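Data block for query_36.txt (compact mmCIF, C-alpha atoms):
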```
# COMPACT_ATOMS: atom_id res chain seq x y z
CA MET A 1 31.35 0.44 0.00
CA GLU A 2 32.59 3.99 -0.49
CA SER A 3 30.02 6.43 -1.80
CA PRO A 4 30.76 8.17 -5.12
CA PHE A 5 28.94 11.28 -3.88
CA LYS A 6 30.30 14.18 -1.89
CA ALA A 7 29.67 13.81 1.83
CA ASP A 8 27.63 17.02 1.99
CA ILE A 9 25.51 16.51 -1.13
CA LEU A 10 22.28 16.65 0.96
CA ARG A 11 23.53 19.17 3.51
CA GLY A 12 20.70 21.05 5.18
CA LYS A 13 17.98 18.82 3.71
CA VAL A 14 15.35 16.99 5.73
CA ALA A 15 14.02 13.64 4.52
CA LEU A 16 11.11 11.49 5.69
CA ILE A 17 11.32 7.80 4.78
CA THR A 18 8.33 5.52 5.25
CA GLY A 19 9.23 1.92 6.00
CA GLY A 20 12.50 3.41 7.23
CA GLY A 21 12.99 1.12 10.20
CA SER A 22 14.46 -1.78 8.23
CA GLY A 23 15.61 -3.04 4.85
CA ILE A 24 15.94 -0.70 1.90
CA GLY A 25 14.20 2.15 3.71
CA PHE A 26 16.70 2.08 6.56
CA GLU A 27 19.67 1.99 4.18
CA ILE A 28 18.30 5.02 2.34
CA ALA A 29 17.88 6.82 5.67
CA THR A 30 21.44 5.91 6.64
CA GLN A 31 22.99 7.11 3.38
CA PHE A 32 20.93 10.29 3.38
CA GLY A 33 22.19 11.00 6.89
CA LYS A 34 25.80 10.23 5.98
CA HIS A 35 25.50 12.74 3.14
CA GLY A 36 24.30 15.62 5.28
CA ALA A 37 20.55 15.22 5.67
CA SER A 38 18.48 15.07 8.82
CA VAL A 39 16.18 12.05 8.63
CA ALA A 40 12.82 11.03 10.02
CA ILE A 41 11.65 7.45 9.64
CA MET A 42 8.09 6.15 9.82
CA GLY A 43 6.85 2.64 10.46
CA ARG A 44 4.24 0.63 12.31
CA ARG A 45 6.60 -1.10 14.77
CA LYS A 46 7.79 1.29 17.44
CA GLN A 47 10.46 -1.08 18.75
CA ALA A 48 12.04 -1.39 15.30
CA LEU A 49 11.88 2.39 14.86
CA ASP A 50 13.54 3.05 18.20
CA SER A 51 16.36 0.63 17.36
CA ALA A 52 16.84 2.19 13.93
CA VAL A 53 16.91 5.73 15.31
CA SER A 54 19.44 4.70 17.93
CA GLU A 55 21.69 3.26 15.22
CA LEU A 56 21.37 6.37 13.08
CA GLN A 57 22.18 8.63 16.00
CA SER A 58 25.24 6.52 16.81
CA LEU A 59 26.50 7.58 13.36
CA GLN A 60 26.01 11.23 14.35
CA ILE A 61 22.99 11.52 12.08
CA PRO A 62 20.17 13.82 13.27
CA ALA A 63 17.29 11.34 13.32
CA ALA A 64 13.79 10.84 14.68
CA GLY A 65 11.26 8.03 14.44
CA PHE A 66 7.48 8.34 14.30
CA ALA A 67 5.13 5.39 14.53
CA GLY A 68 2.31 5.39 12.04
CA ASP A 69 0.43 3.54 9.31
CA VAL A 70 0.64 5.00 5.80
CA ARG A 71 -2.90 3.78 5.13
CA LYS A 72 -4.30 6.18 7.75
CA GLN A 73 -4.57 9.82 6.77
CA GLU A 74 -4.48 10.95 10.38
CA ASP A 75 -1.17 9.12 10.89
CA ALA A 76 0.28 10.66 7.74
CA LYS A 77 -0.73 14.15 8.91
CA ARG A 78 0.70 13.60 12.37
CA VAL A 79 4.03 12.22 11.15
CA LEU A 80 4.53 15.00 8.60
CA GLU A 81 3.69 17.63 11.21
CA SER A 82 6.02 16.02 13.75
CA THR A 83 8.85 15.88 11.21
CA PHE A 84 8.36 19.56 10.38
CA GLN A 85 8.26 20.53 14.05
CA GLN A 86 11.39 18.49 14.78
CA PHE A 87 13.56 19.73 11.93
CA GLY A 88 11.88 22.92 10.68
CA ARG A 89 11.35 21.78 7.09
CA VAL A 90 10.72 18.79 4.85
CA ASP A 91 12.56 18.54 1.52
CA ILE A 92 12.39 14.87 0.59
CA LEU A 93 9.77 12.13 0.94
CA VAL A 94 10.66 8.49 0.22
CA ASN A 95 7.71 6.11 0.05
CA SER A 96 9.30 2.78 0.93
CA ALA A 97 6.54 1.15 3.00
CA ALA A 98 5.10 -1.89 1.22
CA GLY A 99 3.30 -5.17 1.70
CA ASN A 100 3.94 -8.39 -0.17
CA PHE A 101 3.43 -12.14 -0.09
CA LEU A 102 3.34 -14.93 -2.64
CA VAL A 103 -0.08 -16.22 -3.63
CA SER A 104 -1.80 -17.53 -6.76
CA PRO A 105 -4.67 -15.35 -8.01
CA GLU A 106 -7.32 -17.98 -7.28
CA ASP A 107 -6.14 -18.20 -3.67
CA LEU A 108 -5.91 -14.43 -3.17
CA SER A 109 -8.93 -12.98 -1.42
CA PRO A 110 -10.25 -9.56 -2.44
CA ASN A 111 -9.37 -8.39 1.05
CA GLY A 112 -5.75 -9.53 0.61
CA PHE A 113 -5.60 -7.75 -2.75
CA ARG A 114 -7.07 -4.62 -1.18
CA THR A 115 -4.59 -4.69 1.69
CA VAL A 116 -1.57 -4.55 -0.62
CA MET A 117 -3.20 -1.84 -2.75
CA ASP A 118 -3.94 0.16 0.41
CA ILE A 119 -0.39 -0.05 1.76
CA ASP A 120 1.50 0.40 -1.50
CA THR A 121 -0.69 2.61 -3.67
CA VAL A 122 -3.16 4.39 -1.40
CA GLY A 123 -0.45 4.76 1.25
CA THR A 124 1.92 6.33 -1.27
CA PHE A 125 -0.73 8.82 -2.42
CA THR A 126 -1.73 9.61 1.16
CA MET A 127 1.84 10.41 2.15
CA CYS A 128 2.39 12.52 -0.98
CA HIS A 129 -0.88 14.37 -0.40
CA GLU A 130 -0.04 15.22 3.20
CA ALA A 131 3.61 16.02 2.43
CA LEU A 132 2.91 18.60 -0.25
CA LYS A 133 2.39 21.63 1.96
CA TYR A 134 5.47 20.79 4.04
CA ILE A 135 7.72 20.22 1.04
CA LYS A 136 6.49 23.57 -0.29
CA LYS A 137 7.33 25.19 3.04
CA GLY A 138 10.73 23.50 3.04
CA GLY A 139 11.35 25.16 -0.28
CA LEU A 140 10.92 28.64 1.11
CA GLY A 141 14.25 30.41 1.15
CA ARG A 142 15.94 28.04 -1.28
CA GLY A 143 18.17 29.63 -3.85
CA ALA A 144 17.27 29.21 -7.49
CA SER A 145 20.02 26.63 -7.94
CA ASP A 146 18.67 24.46 -5.13
CA GLY A 147 15.56 23.47 -7.02
CA GLY A 148 12.40 22.29 -5.32
CA GLY A 149 11.66 19.30 -3.17
CA SER A 150 11.81 15.66 -4.21
CA ILE A 151 9.62 12.57 -3.82
CA ILE A 152 10.77 9.02 -4.50
CA ASN A 153 8.40 6.06 -4.71
CA ILE A 154 9.91 2.60 -4.33
CA SER A 155 8.35 0.53 -7.09
CA ALA A 156 9.20 -2.78 -8.83
CA THR A 157 9.55 -4.29 -12.30
CA LEU A 158 6.91 -7.00 -11.84
CA HIS A 159 4.32 -5.27 -14.02
CA TYR A 160 6.65 -4.62 -16.96
CA THR A 161 5.79 -8.11 -18.19
CA ALA A 162 4.09 -10.36 -15.63
CA ALA A 163 5.11 -12.19 -12.48
CA TRP A 164 4.06 -15.49 -10.96
CA TYR A 165 2.06 -15.24 -7.71
CA GLN A 166 2.34 -11.42 -7.62
CA VAL A 167 -0.85 -10.13 -9.25
CA HIS A 168 -1.65 -7.91 -6.24
CA VAL A 169 1.80 -6.34 -6.05
CA SER A 170 2.07 -5.98 -9.83
CA ALA A 171 -1.18 -4.02 -9.85
CA ALA A 172 -0.11 -1.87 -6.91
CA LYS A 173 3.30 -1.01 -8.36
CA ALA A 174 1.84 -0.24 -11.80
CA ALA A 175 -0.50 2.21 -10.10
CA ILE A 176 2.39 3.75 -8.16
CA ASP A 177 4.31 4.38 -11.39
CA ALA A 178 1.27 6.05 -12.95
CA LEU A 179 0.75 8.09 -9.81
CA GLY A 180 4.37 9.24 -9.87
CA ARG A 181 4.23 10.34 -13.50
CA ASN A 182 1.08 12.37 -12.93
CA LEU A 183 2.46 14.07 -9.83
CA ALA A 184 5.71 14.75 -11.68
CA LEU A 185 3.73 16.55 -14.36
CA GLU A 186 1.47 18.56 -12.11
CA TRP A 187 3.64 19.23 -9.08
CA GLY A 188 6.73 19.71 -11.20
CA THR A 189 4.89 22.42 -13.10
CA ASP A 190 3.14 24.07 -10.17
CA TYR A 191 5.60 23.62 -7.29
CA ASP A 192 9.02 22.66 -8.74
CA ILE A 193 8.76 19.30 -6.97
CA ARG A 194 10.36 16.34 -8.74
CA VAL A 195 8.67 12.94 -8.42
CA ASN A 196 10.55 9.81 -9.45
CA GLY A 197 10.59 6.11 -8.70
CA ILE A 198 13.13 3.37 -8.11
CA ALA A 199 12.40 -0.22 -9.15
CA PRO A 200 14.78 -2.54 -7.29
CA GLY A 201 15.64 -6.04 -8.42
CA PRO A 202 16.31 -8.83 -5.90
CA ILE A 203 18.22 -7.21 -3.04
CA GLY A 204 20.14 -9.39 -0.62
CA ASP A 205 19.77 -9.25 3.14
CA THR A 206 16.22 -7.90 3.06
CA PRO A 207 13.02 -9.38 4.52
CA GLY A 208 11.45 -9.48 1.07
CA MET A 209 14.30 -11.50 -0.40
CA SER A 210 14.21 -14.19 2.26
CA LYS A 211 10.40 -14.37 2.12
CA LEU A 212 9.82 -14.21 -1.63
CA VAL A 213 12.85 -15.77 -3.37
CA PRO A 214 14.06 -19.13 -2.01
CA ASP A 215 17.73 -20.05 -2.48
CA GLU A 216 16.94 -22.82 -4.98
CA ILE A 217 15.24 -20.31 -7.30
CA ASN A 218 18.24 -17.99 -7.08
CA SER A 219 20.59 -20.76 -8.19
CA GLN A 220 18.42 -21.49 -11.24
CA ARG A 221 18.33 -17.84 -12.27
CA LYS A 222 22.08 -17.65 -12.59
CA GLN A 223 21.83 -19.70 -15.78
CA PHE A 224 20.12 -17.01 -17.83
CA GLN A 225 19.99 -13.62 -16.11
CA PRO A 226 22.40 -10.84 -17.16
CA LEU A 227 24.92 -9.68 -14.54
CA TYR A 228 23.22 -12.08 -12.21
CA LYS A 229 24.03 -11.45 -8.63
CA LEU A 230 22.00 -10.15 -5.77
CA GLY A 231 21.85 -6.40 -5.51
CA GLU A 232 22.67 -4.58 -2.30
CA LYS A 233 20.61 -2.11 -0.31
CA TRP A 234 23.50 0.31 -0.92
CA ASP A 235 22.72 0.21 -4.67
CA ILE A 236 19.19 1.46 -4.08
CA ALA A 237 20.36 4.10 -1.62
CA MET A 238 22.87 5.44 -4.16
CA ALA A 239 20.09 5.72 -6.75
CA ALA A 240 18.00 7.61 -4.20
CA LEU A 241 20.90 9.97 -3.49
CA TYR A 242 21.27 10.69 -7.18
CA LEU A 243 17.58 11.38 -7.67
CA THR A 244 17.22 13.66 -4.63
CA SER A 245 20.46 15.61 -5.02
CA ASP A 246 21.45 18.29 -7.51
CA ALA A 247 23.02 15.51 -9.58
CA GLY A 248 19.49 14.57 -10.63
CA LYS A 249 17.98 18.05 -10.68
CA PHE A 250 16.62 17.62 -14.25
CA VAL A 251 15.25 14.11 -13.75
CA ASN A 252 11.50 14.07 -13.23
CA GLY A 253 8.72 11.57 -13.84
CA THR A 254 10.91 8.53 -14.42
CA THR A 255 11.31 5.18 -12.68
CA MET A 256 14.93 4.11 -12.41
CA VAL A 257 15.36 0.35 -12.71
CA VAL A 258 18.16 -0.91 -10.46
CA ASP A 259 18.22 -4.65 -11.04
CA GLY A 260 21.28 -5.49 -13.15
CA GLY A 261 19.07 -6.07 -16.21
CA ILE A 262 17.19 -8.95 -14.63
CA TRP A 263 13.76 -7.79 -15.80
CA LEU A 264 15.01 -8.14 -19.39
CA SER A 265 16.04 -11.74 -18.95
CA ARG A 266 14.52 -14.84 -20.54
CA PRO A 267 15.59 -18.49 -20.35
CA ARG A 268 17.84 -19.56 -23.21
CA PHE A 269 15.95 -21.63 -25.79
CA GLY A 270 19.07 -23.65 -26.51
CA PRO A 271 22.78 -23.94 -25.68
CA LYS A 272 24.97 -21.28 -27.27
CA ASP A 273 27.04 -23.83 -29.26
CA ALA A 274 23.89 -25.39 -30.70
CA VAL A 275 22.58 -21.98 -31.75
CA LYS A 276 25.89 -21.19 -33.45
CA GLN A 277 25.79 -24.46 -35.39
CA LEU A 278 22.18 -23.87 -36.42
CA SER A 279 23.06 -20.38 -37.64
CA ARG A 280 25.91 -21.76 -39.78
CA THR A 281 23.62 -24.39 -41.29
CA VAL A 282 20.95 -21.83 -42.21
CA GLU A 283 23.58 -19.50 -43.67
CA LYS A 284 25.04 -22.32 -45.80
CA ARG A 285 21.62 -23.27 -47.15
CA SER A 286 20.95 -19.64 -48.01
CA ARG A 287 24.21 -19.33 -50.00
CA GLU A 288 23.61 -22.57 -51.90
CA ALA A 289 19.95 -22.04 -52.73
CA PRO A 290 19.15 -21.05 -56.35
CA ILE A 291 17.98 -17.47 -56.82
CA GLY A 292 14.20 -17.24 -56.69
CA LEU A 293 13.70 -20.58 -54.94
CA PRO A 294 10.64 -20.33 -52.65
CA PRO A 295 11.52 -20.24 -48.93
CA SER A 296 9.53 -23.44 -48.43
CA LYS A 297 12.09 -25.29 -50.58
CA LEU A 298 15.16 -24.12 -48.60
```

Would you mind writing the file's structure down as structure tokens?
Amino acid sequence: MESPFKADILRGKVALITGGGSGIGFEIATQFGKHGASVAIMGRRKQALDSAVSELQSLQIPAAGFAGDVRKQEDAKRVLESTFQQFGRVDILVNSAAGNFLVSPEDLSPNGFRTVMDIDTVGTFTMCHEALKYIKKGGLGRGASDGGGSIINISATLHYTAAWYQVHVSAAKAAIDALGRNLALEWGTDYDIRVNGIAPGPIGDTPGMSKLVPDEINSQRKQFQPLYKLGEKWDIAMAALYLTSDAGKFVNGTTMVVDGGIWLSRPRFGPKDAVKQLSRTVEKRSREAPIGLPPSKL
């Protein structure tokens, strides 16, 4: 699809994307690069990183890949330092690395819960913590209109209500949202750094979609979810472009939901025609009832 943004909207910026070797992270890296940024991607699988970097470079995007685990502070330090040495600055951090699997709470071990919290929440904080001094350095020499740096945390909508078999991820994403709001307050005030989140809905052609949402569940959802269709990785990348560019320069401390309204959805409690008939019946009774008649007699 054609981007609605100018091709140079991120010209001169440098972005580091964790989990950037595949899925949503890779699409964000691709779109950032197509819009003028130099990109570094971080992940645990060197082979996937090398393939992703090769693809980015084939699009004439300045790109580098650095293997590392967001749970390890020493890896975070090394990758941030390597990104800065490679490109001379860091303007944008996207925390896209995540862990997930379906499991009922009674079958989830404390270690499994801790693993997801470590990757999603602790990993996000670790990357933000280590990125701060580089994003501040990247800001040196910016004009007043350029604003400060930008951090995006990839979140979810699971914790807005509740989600089956996702207690670990719901807890981790809720913590990420709280983390983002606090950093937006403090780092926005002290360093002119904006911190926002993106909460994707079900996105097609991603490892998470094939692993977490079977086709038979998708077909059932179509009966009651607004605008129901699978989102695209491009949708999330466009939201990231908005939040990191001057288009979103006054947006700070928010989590943008990009799910077509799916988190709002509930199963219908009856067919639409039946509801219409019921409404007419109640309205007729109301018109015909004597004034002052107790509701119990209607």

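Straight-line separation from CA of Ile135 (chain A) to CA of Asp91 (chain A): 5.1 Å.
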
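For Leu243 (chain A), the non-local neighbours within 12 Å, defined as residues at least 6 positions apart in the same chain or in other chains and counting all atoms listed in the file, are Phe5, Ile9, Leu10, Ile28, Phe32, Ile92, Leu93, Val94, Gly149, Ser150, Ile151, Ile152, Asn153, Ile193, Arg194, Val195, Asn196, Gly197, Ile198, Ile236, Ala237, Lys249, Phe250, Val251, Asn252, Gly253, Thr254, Thr255 and Met256 of chain A.
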
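Distance check against Glu55 (chain A) using only C-alpha atoms: of A:Glu27, A:Glu106, A:Asp205, A:Asp75, the minimum falls on A:Glu27.
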
> Counting only C-alpha atoms, which of A:Ala163, A:Ser58, A:Gly23, A:Tyr242 gets nearest to Gly204 (chain A)?
Replying inline: A:Gly23

> Pick the closest to Gly20 (chain A) from A:Leu108, A:Ile154, A:Arg114, A:Phe87: which is it, counting only C-alpha atoms?
Replying inline: A:Ile154

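With distances restricted to all atoms listed in the file, A:Gly148 is the closest residue to Thr244 (chain A) from A:Ile41, A:Tyr134, A:Gly148, A:Thr30.
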
>> Taking 4 positions as the minimum chain separation for residues in the same chain, which residues sit within 9 Å of His159 (chain A) when counting only C-alpha atoms? Answer as a list of chain:residue names.
In response: A:Ala163, A:Val167, A:Val169, A:Ser170, A:Ala171, A:Lys173, A:Ala174

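The shortest atom-to-atom distance to Ser51 (chain A), with all atoms listed in the file taken into account, belongs to A:Phe26 out of A:Phe26, A:Trp234, A:Tyr160, A:Tyr165.
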
>> Report, in Å with one decimal, the straight-line distance from CA of Thr124 (chain A) to CA of Gly21 (chain A).
In response: 16.8 Å

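Here the question is which of A:Gly19, A:Gly112, A:Gly88, A:Gly33 gets nearest to Val70 (chain A) using all atoms listed in the file, and that residue is A:Gly19.
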
Mind working out the centre and edge lengths of an axis-aligned box for region 16-21 of chain A, all listed atoms inside, 3 Å added to each side, rounded to one decimal in Å and written as JSON?
```
{"center_x": 10.7, "center_y": 6.3, "center_z": 7.5, "size_x": 10.7, "size_y": 16.4, "size_z": 11.4}
```

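The two atoms in question, CA of Lys34 (chain A) and CA of Gly65 (chain A), are spaced 17.0 Å apart.
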
>> Using all atoms listed in the file, which protein or nucleic acid residues come within 9 Å of Asp235 (chain A)? Drop anything in the same chain fewer than 3 positions from it, and give the result as an MDAnalysis selection string.
In response: chainID A and resid 200 203 231:232 238:240 258

> What lies within 10 Å of Ser82 (chain A) using all atoms listed in the file, ignoring chain neighbours under 3 positions off, as a ChimeraX atom specification?
Replying inline: /A:40,64-66,76-79,85-88
